[in-house]
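Asker: Provided below: query_2.txt, containing compact mmCIF, C-alpha atoms.
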# COMPACT_ATOMS: atom_id res chain seq x y z
CA MET W 1 48.20 5.85 -32.01
CA GLY W 2 49.25 7.17 -35.39
CA LYS W 3 47.14 7.77 -38.47
CA VAL W 4 47.77 5.98 -41.76
CA ILE W 5 47.30 8.07 -44.91
CA VAL W 6 47.62 6.63 -48.42
CA VAL W 7 48.40 8.89 -51.37
CA THR W 8 47.09 7.40 -54.58
CA SER W 9 45.87 8.39 -58.06
CA GLY W 10 45.32 5.60 -60.55
CA LYS W 11 47.22 7.41 -63.27
CA GLY W 12 50.99 7.68 -63.04
CA GLY W 13 52.96 10.89 -63.20
CA VAL W 14 50.42 13.18 -61.54
CA GLY W 15 52.60 13.90 -58.51
CA LYS W 16 51.94 11.24 -55.87
CA THR W 17 55.54 10.85 -54.79
CA THR W 18 56.13 14.60 -54.72
CA ALA W 19 52.99 14.99 -52.61
CA VAL W 20 54.09 12.29 -50.16
CA ALA W 21 57.58 13.79 -49.77
CA ASN W 22 56.27 17.31 -49.24
CA ILE W 23 53.29 16.60 -47.01
CA GLY W 24 55.53 14.35 -44.92
CA THR W 25 58.26 16.98 -44.64
CA ALA W 26 55.69 19.68 -43.84
CA LEU W 27 54.21 17.55 -41.04
CA ALA W 28 57.72 16.92 -39.70
CA PHE W 29 58.27 20.70 -39.70
CA MET W 30 55.22 20.91 -37.48
CA GLU W 31 56.90 18.59 -35.00
CA GLN W 32 54.99 15.49 -35.95
CA LYS W 33 56.76 12.15 -36.04
CA VAL W 34 56.29 10.92 -39.61
CA ALA W 35 57.10 7.64 -41.40
CA LEU W 36 56.94 7.66 -45.20
CA VAL W 37 56.40 4.23 -46.72
CA ASP W 38 57.21 3.61 -50.38
CA ALA W 39 54.79 0.90 -51.54
CA ASP W 40 55.91 1.05 -55.16
CA ILE W 41 57.95 -2.13 -55.02
CA GLY W 42 60.11 -2.56 -58.12
CA LEU W 43 59.87 1.11 -59.13
CA ARG W 44 60.91 2.95 -56.01
CA ASN W 45 61.32 6.72 -56.24
CA LEU W 46 60.41 8.28 -52.93
CA ASP W 47 64.05 7.81 -51.85
CA VAL W 48 65.41 9.96 -54.68
CA VAL W 49 62.75 12.67 -54.32
CA LEU W 50 63.74 12.94 -50.66
CA GLY W 51 67.45 12.73 -51.47
CA LEU W 52 67.94 9.62 -49.31
CA GLU W 53 68.88 7.13 -52.05
CA ASN W 54 72.43 6.65 -50.79
CA ARG W 55 71.39 5.65 -47.32
CA ILE W 56 69.28 2.58 -48.05
CA VAL W 57 70.47 -0.61 -46.41
CA TYR W 58 67.28 -2.61 -45.87
CA ASP W 59 63.89 -2.22 -47.52
CA ILE W 60 60.23 -3.05 -46.93
CA VAL W 61 60.55 -6.59 -48.32
CA ASP W 62 63.47 -7.30 -45.96
CA VAL W 63 61.21 -6.31 -43.08
CA VAL W 64 58.24 -8.34 -44.29
CA GLU W 65 60.40 -11.43 -44.87
CA GLY W 66 62.13 -11.07 -41.51
CA ARG W 67 65.67 -10.29 -42.67
CA ALA W 68 65.65 -6.91 -40.94
CA LYS W 69 63.88 -5.31 -38.04
CA LEU W 70 61.61 -2.37 -38.80
CA LYS W 71 63.92 -0.03 -36.89
CA GLN W 72 66.90 -1.13 -38.97
CA ALA W 73 65.15 -0.45 -42.26
CA LEU W 74 63.78 2.99 -41.34
CA ILE W 75 66.04 5.78 -42.62
CA ARG W 76 66.10 8.92 -40.53
CA ASP W 77 66.22 12.17 -42.49
CA LYS W 78 69.04 14.21 -40.96
CA ARG W 79 67.57 17.52 -42.13
CA PHE W 80 64.21 16.90 -40.45
CA PRO W 81 64.81 14.85 -37.31
CA THR W 82 61.24 13.51 -36.98
CA LEU W 83 61.01 12.31 -40.59
CA TYR W 84 61.71 8.68 -41.53
CA LEU W 85 61.56 6.66 -44.76
CA LEU W 86 60.82 3.00 -45.24
CA PRO W 87 62.07 2.39 -48.79
CA ALA W 88 60.56 -0.02 -51.31
CA ALA W 89 62.57 -2.93 -52.69
CA GLN W 90 63.87 -2.29 -56.17
CA THR W 91 64.64 -5.82 -57.32
CA ARG W 92 61.36 -7.49 -56.32
CA ASP W 93 57.78 -7.12 -57.52
CA LYS W 94 54.49 -6.15 -55.92
CA GLU W 95 53.66 -9.78 -55.10
CA ALA W 96 56.46 -9.86 -52.52
CA VAL W 97 54.16 -8.05 -50.08
CA SER W 98 50.51 -8.79 -49.26
CA PRO W 99 47.81 -6.43 -47.98
CA GLU W 100 47.95 -8.35 -44.66
CA ASP W 101 51.71 -7.71 -44.42
CA MET W 102 51.03 -4.01 -44.91
CA VAL W 103 48.40 -3.95 -42.16
CA ARG W 104 50.79 -5.66 -39.74
CA LEU W 105 53.61 -3.29 -40.69
CA CYS W 106 51.46 -0.19 -40.26
CA ASN W 107 50.14 -1.38 -36.93
CA ASN W 108 53.74 -1.53 -35.71
CA LEU W 109 54.52 1.90 -37.15
CA LYS W 110 51.38 3.40 -35.57
CA GLU W 111 52.83 2.78 -32.12
CA GLU W 112 55.90 4.91 -32.86
CA PHE W 113 54.68 7.57 -35.28
CA ASP W 114 51.99 10.25 -35.45
CA PHE W 115 51.58 9.85 -39.21
CA ILE W 116 52.34 7.03 -41.61
CA ILE W 117 52.09 8.19 -45.22
CA ILE W 118 52.07 5.52 -47.91
CA ASP W 119 53.15 6.27 -51.48
CA SER W 120 50.95 4.10 -53.65
CA PRO W 121 52.09 2.83 -57.06
CA ALA W 122 50.10 3.83 -60.14
CA GLY W 123 47.48 1.36 -61.31
CA ILE W 124 44.72 -0.47 -59.49
CA GLU W 125 46.28 -3.91 -59.06
CA ARG W 126 48.12 -5.63 -56.22
CA GLY W 127 50.38 -2.68 -55.36
CA PHE W 128 47.35 -0.41 -55.03
CA LYS W 129 45.59 -2.91 -52.75
CA ASN W 130 48.75 -3.20 -50.64
CA ALA W 131 48.96 0.56 -50.24
CA VAL W 132 45.28 1.21 -49.58
CA THR W 133 44.32 -1.64 -47.25
CA PRO W 134 46.01 -0.32 -44.06
CA ALA W 135 44.91 3.31 -44.62
CA ASP W 136 42.65 5.31 -42.30
CA MET W 137 42.49 8.14 -44.84
CA ALA W 138 43.10 8.41 -48.58
CA ILE W 139 44.42 11.40 -50.49
CA ILE W 140 43.77 11.17 -54.21
CA VAL W 141 46.03 13.22 -56.45
CA THR W 142 44.83 14.35 -59.85
CA THR W 143 45.72 16.98 -62.43
CA PRO W 144 43.10 18.98 -64.37
CA GLU W 145 43.25 16.65 -67.38
CA VAL W 146 40.69 14.24 -68.80
CA SER W 147 42.83 11.14 -68.34
CA ALA W 148 43.91 11.91 -64.78
CA VAL W 149 40.40 12.84 -63.63
CA ARG W 150 38.98 9.71 -65.21
CA ASP W 151 41.47 7.51 -63.38
CA ALA W 152 40.84 9.40 -60.13
CA ASP W 153 37.15 8.62 -60.52
CA ARG W 154 37.91 4.93 -60.88
CA VAL W 155 40.12 4.98 -57.78
CA ILE W 156 37.46 6.83 -55.77
CA GLY W 157 34.97 4.09 -56.77
CA LEU W 158 37.39 1.36 -55.68
CA LEU W 159 38.05 3.11 -52.34
CA GLU W 160 34.29 3.29 -51.74
CA ALA W 161 33.98 -0.41 -52.53
CA MET W 162 36.72 -1.09 -49.96
CA GLU W 163 34.70 0.95 -47.45
CA LYS W 164 37.36 3.62 -47.09
CA SER W 165 35.11 6.56 -46.33
CA ASP W 166 37.67 9.28 -45.60
CA SER W 167 38.90 10.32 -49.07
CA ARG W 168 40.15 13.78 -50.00
CA LEU W 169 41.39 15.29 -53.25
CA ILE W 170 44.50 17.21 -54.28
CA VAL W 171 44.29 19.01 -57.62
CA ASN W 172 47.89 19.30 -58.73
CA ARG W 173 49.63 21.32 -61.43
CA VAL W 174 46.89 23.90 -61.90
CA ARG W 175 47.79 26.64 -64.38
CA SER W 176 45.72 29.71 -63.54
CA LYS W 177 46.33 31.40 -66.87
CA LEU W 178 44.96 28.44 -68.80
CA VAL W 179 42.00 28.15 -66.42
CA ASP W 180 41.23 31.86 -66.85
CA ARG W 181 41.08 31.65 -70.61
CA GLY W 182 39.00 28.48 -70.51
CA ASP W 183 41.63 26.04 -71.67
CA MET W 184 42.00 24.03 -68.48
CA LEU W 185 39.47 22.40 -66.17
CA SER W 186 39.13 24.50 -63.03
CA VAL W 187 39.28 23.08 -59.53
CA GLU W 188 35.50 23.61 -59.33
CA ASP W 189 34.99 21.63 -62.55
CA VAL W 190 37.03 18.73 -61.18
CA LEU W 191 35.18 18.77 -57.86
CA GLU W 192 31.82 18.86 -59.62
CA ILE W 193 32.73 15.80 -61.66
CA LEU W 194 34.31 13.76 -58.87
CA SER W 195 32.06 14.92 -56.00
CA ILE W 196 34.69 14.52 -53.30
CA ASP W 197 36.09 16.90 -50.67
CA LEU W 198 39.15 18.94 -51.49
CA ILE W 199 42.23 18.99 -49.25
CA GLY W 200 44.44 21.20 -51.39
CA VAL W 201 45.29 22.83 -54.70
CA ILE W 202 48.87 22.96 -55.98
CA PRO W 203 49.78 25.39 -58.74
CA GLU W 204 52.13 24.36 -61.53
CA ASP W 205 55.50 25.45 -60.20
CA GLU W 206 58.91 25.04 -61.80
CA HIS W 207 60.49 25.01 -58.35
CA ILE W 208 59.22 21.43 -58.07
CA ILE W 209 61.58 20.38 -60.86
CA ILE W 210 64.49 22.17 -59.23
CA SER W 211 63.81 20.71 -55.80
CA THR W 212 63.43 17.20 -57.24
CA ASN W 213 66.73 17.62 -59.08
CA ARG W 214 68.36 18.45 -55.79
CA GLY W 215 66.56 15.86 -53.69
CA GLU W 216 65.22 18.50 -51.35
CA PRO W 217 61.49 18.68 -50.64
CA ILE W 218 60.05 22.00 -51.82
CA VAL W 219 58.47 22.81 -48.46
CA SER W 220 61.97 23.48 -47.16
CA ASN W 221 61.77 26.59 -49.36
CA ASN W 222 58.63 28.14 -48.02
CA SER W 223 58.56 31.04 -50.44
CA THR W 224 57.49 28.98 -53.45
CA PRO W 225 53.83 28.67 -54.48
CA ALA W 226 53.89 24.85 -54.39
CA GLY W 227 55.77 24.83 -51.08
CA LYS W 228 53.18 27.10 -49.44
CA SER W 229 50.35 24.97 -50.82
CA PHE W 230 51.83 21.77 -49.38
CA MET W 231 52.30 23.46 -45.99
CA ASP W 232 48.59 24.37 -46.06
CA ILE W 233 47.66 20.75 -46.76
CA ALA W 234 49.72 19.59 -43.77
CA ARG W 235 47.90 22.12 -41.57
CA ARG W 236 44.55 20.85 -42.79
CA ILE W 237 45.60 17.29 -41.98
CA LEU W 238 46.31 18.49 -38.44
CA GLY W 239 42.76 19.80 -38.29
CA GLU W 240 43.43 23.49 -38.83
CA ASP W 241 40.90 25.46 -40.83
CA VAL W 242 43.05 26.92 -43.60
CA PRO W 243 41.34 28.78 -46.48
CA MET W 244 42.05 27.49 -49.99
CA ASN W 245 44.69 29.74 -51.48
CA MET W 246 45.95 29.80 -55.05
CA TYR W 247 49.50 31.01 -54.55
CA THR W 248 51.28 32.69 -57.41
CA GLU W 249 54.87 33.58 -58.00
CA LYS W 250 55.74 37.06 -56.89
CA GLU W 251 57.60 38.78 -59.70
CA ASP W 252 60.21 41.23 -58.61
CA LEU W 253 61.49 43.93 -60.93
CA PHE W 254 64.44 41.82 -62.01
CA THR W 255 62.42 38.79 -63.15
CA ARG W 256 59.97 41.04 -64.91
CA LEU W 257 62.81 42.73 -66.73
CA LYS W 258 64.28 39.35 -67.67
CA ARG W 259 60.94 38.18 -69.01
CA PHE W 260 60.53 41.40 -70.96
CA LEU W 261 63.93 40.98 -72.60
CA LYS W 262 63.30 37.31 -73.41
CA TRP W 263 59.95 38.14 -74.91
CA ARG W 264 61.60 40.56 -77.27
CA MET Y 1 59.21 36.17 -89.35
CA SER Y 2 57.28 33.07 -88.33
CA VAL Y 3 57.05 34.48 -84.81
CA ILE Y 4 55.22 37.52 -86.14
CA ILE Y 5 52.88 35.41 -88.24
CA GLU Y 6 52.12 33.27 -85.18
CA ALA Y 7 51.37 36.40 -83.14
CA ILE Y 8 49.05 37.73 -85.84
CA LYS Y 9 47.32 34.35 -86.10
CA ARG Y 10 46.78 34.33 -82.39
CA LEU Y 11 45.15 37.76 -82.60
CA PHE Y 12 42.52 36.52 -85.00
CA THR Y 13 41.83 33.00 -83.87
CA HIS Y 14 39.89 32.35 -80.72
CA GLU Y 15 41.85 30.36 -78.25
CA GLY Y 16 40.17 29.13 -75.12
CA GLY Y 17 37.10 27.11 -74.46
CA SER Y 18 38.73 23.71 -74.85
CA LYS Y 19 37.98 22.99 -71.23
CA ASP Y 20 34.27 22.77 -72.06
CA ILE Y 21 35.10 20.05 -74.54
CA ALA Y 22 37.22 18.32 -71.90
CA LYS Y 23 34.40 18.50 -69.37
CA GLU Y 24 31.82 17.11 -71.77
CA ARG Y 25 34.08 14.26 -72.83
CA LEU Y 26 34.88 13.46 -69.21
CA LYS Y 27 31.24 13.36 -68.20
CA LEU Y 28 30.43 11.00 -71.04
CA VAL Y 29 33.35 8.65 -70.44
CA LEU Y 30 32.54 8.51 -66.72
CA ILE Y 31 28.96 7.46 -67.44
CA HIS Y 32 30.38 4.38 -69.11
CA ASP Y 33 33.02 3.83 -66.44
CA ARG Y 34 30.54 4.12 -63.60
CA THR Y 35 27.87 1.82 -64.99
CA SER Y 36 29.08 -1.59 -64.11
CA ILE Y 37 27.49 -3.23 -67.16
CA SER Y 38 30.18 -5.22 -68.92
CA SER Y 39 30.46 -5.15 -72.68
CA GLU Y 40 29.51 -8.84 -72.79
CA ILE Y 41 26.22 -8.16 -71.05
CA MET Y 42 25.58 -5.20 -73.34
CA GLU Y 43 26.20 -7.43 -76.34
CA GLN Y 44 23.83 -10.04 -74.93
CA ILE Y 45 21.07 -7.48 -74.36
CA LYS Y 46 21.56 -6.30 -77.93
CA GLU Y 47 21.28 -9.82 -79.36
CA GLU Y 48 18.16 -10.59 -77.37
CA MET Y 49 16.50 -7.33 -78.34
CA ILE Y 50 17.22 -8.00 -81.99
CA GLN Y 51 15.63 -11.44 -81.66
CA VAL Y 52 12.47 -10.08 -80.06
CA ILE Y 53 12.04 -7.25 -82.54
CA SER Y 54 12.82 -9.51 -85.50
CA LYS Y 55 9.72 -11.54 -84.68
CA HIS Y 56 7.57 -8.61 -85.69
CA LEU Y 57 9.67 -6.34 -87.84
CA GLU Y 58 12.27 -6.81 -90.50
CA ILE Y 59 15.32 -4.94 -89.24
CA ASP Y 60 18.77 -4.14 -90.49
CA LYS Y 61 20.84 -6.12 -88.00
CA ASN Y 62 24.11 -4.56 -89.08
CA GLY Y 63 22.81 -1.04 -88.63
CA VAL Y 64 21.81 -1.50 -85.01
CA GLU Y 65 23.40 1.04 -82.69
CA PHE Y 66 23.35 0.50 -79.00
CA SER Y 67 24.80 2.80 -76.39
CA LEU Y 68 24.60 4.31 -72.96
CA GLU Y 69 24.04 8.01 -72.98
CA GLY Y 70 23.81 10.52 -70.22
CA GLU Y 71 22.07 13.79 -69.69
CA GLU Y 72 22.71 15.76 -66.54
CA SER Y 73 22.28 13.18 -63.82
CA SER Y 74 20.39 10.41 -65.63
CA VAL Y 75 21.66 7.62 -67.81
CA ALA Y 76 19.71 6.12 -70.70
CA LEU Y 77 20.15 3.03 -72.81
CA VAL Y 78 19.67 4.26 -76.35
CA ALA Y 79 19.02 1.85 -79.19
CA ASN Y 80 18.82 2.88 -82.80
CA ILE Y 81 17.28 0.04 -84.81
CA PRO Y 82 16.73 0.66 -88.52
CA ILE Y 83 13.61 -1.03 -89.88
CA LYS Y 84 13.67 -2.46 -93.40
CA GLY Y 85 10.00 -3.25 -93.58
CA LEU Y 86 7.01 -4.54 -91.77
CA LYS Y 87 6.50 -8.25 -91.86
CA ARG Y 88 3.19 -9.19 -93.35
CA HIS Y 89 1.29 -11.27 -90.90
CA LYS Y 90 -0.28 -14.28 -92.55
CA LYS Y 91 -3.91 -14.16 -91.72
CA LYS Y 92 -5.71 -17.38 -91.28
CA VAL Y 93 -8.46 -17.72 -93.75
Would you mind writing the file's structure down as structure tokens?

Answerer:
Amino acid sequence: MGKVIVVTSGKGGVGKTTAVANIGTALAFMEQKVALVDADIGLRNLDVVLGLENRIVYDIVDVVEGRAKLKQALIRDKRFPTLYLLPAAQTRDKEAVSPEDMVRLCNNLKEEFDFIIIDSPAGIERGFKNAVTPADMAIIVTTPEVSAVRDADRVIGLLEAMEKSDSRLIVNRVRSKLVDRGDMLSVEDVLEILSIDLIGVIPEDEHIIISTNRGEPIVSNNSTPAGKSFMDIARRILGEDVPMNMYTEKEDLFTRLKRFLKWR
Amino acid sequence: MSVIIEAIKRLFTHEGGSKDIAKERLKLVLIHDRTSISSEIMEQIKEEMIQVISKHLEIDKNGVEFSLEGEESSVALVANIPIKGLKRHKKKV
């Protein structure tokens, strides 16, 4: 039986979709059979982050309303043979799917897959309930900013109220330089405020922008700081004891020289 | 030129430390978020307190401040009620 993980945040734009794409790809690298479910009906994006936007035929609403079988709607990622995507519908709204539909859908997926990772929409309304209800575990994504941490706190409260006890935190887009000079909340600060267990820290990394432009998950380039951090998270999900590492970009002589010239 | 001025400015002004402000603001806003008292109920408590106190004291109803405040791990309901004067109790002769 597979495990259902929801990735959620409250606030938009903190990196939920990127986290889903990369944790999913990393788990597929580790020979797990993974289904990624985009629950952001009406504003789908997981397909473009994964680079699978041209292969969508059926979507989650087609499955729920019986126009397509689950197997027909699942898109197999050719680059990672054990990775599948169930896309959201783009022309419908969140009301097209109910939390009960999601539970039924995930129960079917659990029979086939090791992990089902749900990309939750921002907000705390119907779409959030849809995404969270079937989950065995929740990963909350935040950035070290007042607004994102505040919304994460609200989401953690709602998850507790829904009796979802297994919640873990990702602190995304951490900028070590700003933290060091006291201009950014540190991971410790965020943990102290939210009092929740950490599952990973992702440094701010421009490779994310490049990989999203290309539609290739960053974990496929395992030399990047963010890519390494996502791989670590996948290992922790599989139960490995991986120490928390803050990866930084290695600067070779050439990049240092370039930076020096630019600075002048 | 402006680049040089910026660099000089940066040398003399203290950057850093804004995270402490962020942390303080966060803690305060979360106290409000986490207490499930709605603003309607807060307003009602305020009205009722004003009524009770008005029986004995003359107060400035417009100057009443009412808020939830937090220190470390405890939350307090803080009311600031300006008094205009004591009401003279009419003694029975």

Asker: Using all atoms listed in the file, which protein or nucleic acid residues come within 9 Å of segment 30-43 of chain Y? Drop anything in the same chain fewer than 3 positions from it, and give the result as a PDB file with C-alpha atoms, in the coordinates of the input.

Answerer:
ATOM      1  CA  ARG W 150      38.980   9.710 -65.210  1.00  0.00           C
ATOM      2  CA  ASP W 153      37.150   8.620 -60.520  1.00  0.00           C
ATOM      3  CA  ARG W 154      37.910   4.930 -60.880  1.00  0.00           C
ATOM      4  CA  GLY W 157      34.970   4.090 -56.770  1.00  0.00           C
ATOM      5  CA  ILE W 193      32.730  15.800 -61.660  1.00  0.00           C
TER       6      ILE W 193
ATOM      7  CA  ARG Y  25      34.080  14.260 -72.830  1.00  0.00           C
ATOM      8  CA  LEU Y  26      34.880  13.460 -69.210  1.00  0.00           C
ATOM      9  CA  LYS Y  27      31.240  13.360 -68.200  1.00  0.00           C
ATOM     10  CA  LYS Y  46      21.560  -6.300 -77.930  1.00  0.00           C
ATOM     11  CA  GLU Y  47      21.280  -9.820 -79.360  1.00  0.00           C
ATOM     12  CA  GLU Y  48      18.160 -10.590 -77.370  1.00  0.00           C
ATOM     13  CA  PHE Y  66      23.350   0.500 -79.000  1.00  0.00           C
ATOM     14  CA  SER Y  67      24.800   2.800 -76.390  1.00  0.00           C
ATOM     15  CA  LEU Y  68      24.600   4.310 -72.960  1.00  0.00           C
ATOM     16  CA  GLU Y  69      24.040   8.010 -72.980  1.00  0.00           C
ATOM     17  CA  GLY Y  70      23.810  10.520 -70.220  1.00  0.00           C
ATOM     18  CA  VAL Y  75      21.660   7.620 -67.810  1.00  0.00           C
TER      19      VAL Y  75
END

Asker: Restricting the calculation to all atoms listed in the file, which member of W:Asn245, W:Glu163, W:Ser229, W:Val146 is positioned closest to Ser18 of chain Y?

Answerer: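 Closest residue, counting all atoms listed in the file: W:Val146.
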
Asker: Suppose you want the space between atom CA of Val219 of chain W and atom CA of Val6 of chain W; what is it in Å?

Answerer: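 Spanning atom CA of Val219 of chain W to atom CA of Val6 of chain W is a straight-line distance of 19.5 Å.
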
Asker: Using only C-alpha atoms, pick whichever of W:Asn22, W:Ser9, W:Thr17, W:Thr133 has the shortest atom-to-atom distance to Asp232 of chain W.

Answerer: W:Asn22

Asker: Taking only C-alpha atoms into account, report as a PDB file with C-alpha atoms, in the frame of the given file which residues of chain W lie within 10 Å of chain Y.

Answerer:
ATOM      1  CA  PRO W 144      43.100  18.980 -64.370  1.00  0.00           C
ATOM      2  CA  GLU W 145      43.250  16.650 -67.380  1.00  0.00           C
ATOM      3  CA  VAL W 146      40.690  14.240 -68.800  1.00  0.00           C
ATOM      4  CA  SER W 147      42.830  11.140 -68.340  1.00  0.00           C
ATOM      5  CA  VAL W 149      40.400  12.840 -63.630  1.00  0.00           C
ATOM      6  CA  ARG W 150      38.980   9.710 -65.210  1.00  0.00           C
ATOM      7  CA  ASP W 151      41.470   7.510 -63.380  1.00  0.00           C
ATOM      8  CA  ASP W 153      37.150   8.620 -60.520  1.00  0.00           C
ATOM      9  CA  ARG W 154      37.910   4.930 -60.880  1.00  0.00           C
ATOM     10  CA  GLY W 157      34.970   4.090 -56.770  1.00  0.00           C
ATOM     11  CA  LEU W 178      44.960  28.440 -68.800  1.00  0.00           C
ATOM     12  CA  VAL W 179      42.000  28.150 -66.420  1.00  0.00           C
ATOM     13  CA  ASP W 180      41.230  31.860 -66.850  1.00  0.00           C
ATOM     14  CA  ARG W 181      41.080  31.650 -70.610  1.00  0.00           C
ATOM     15  CA  GLY W 182      39.000  28.480 -70.510  1.00  0.00           C
ATOM     16  CA  ASP W 183      41.630  26.040 -71.670  1.00  0.00           C
ATOM     17  CA  MET W 184      42.000  24.030 -68.480  1.00  0.00           C
ATOM     18  CA  LEU W 185      39.470  22.400 -66.170  1.00  0.00           C
ATOM     19  CA  SER W 186      39.130  24.500 -63.030  1.00  0.00           C
ATOM     20  CA  ASP W 189      34.990  21.630 -62.550  1.00  0.00           C
ATOM     21  CA  VAL W 190      37.030  18.730 -61.180  1.00  0.00           C
ATOM     22  CA  ILE W 193      32.730  15.800 -61.660  1.00  0.00           C
ATOM     23  CA  LEU W 194      34.310  13.760 -58.870  1.00  0.00           C
TER      24      LEU W 194
END
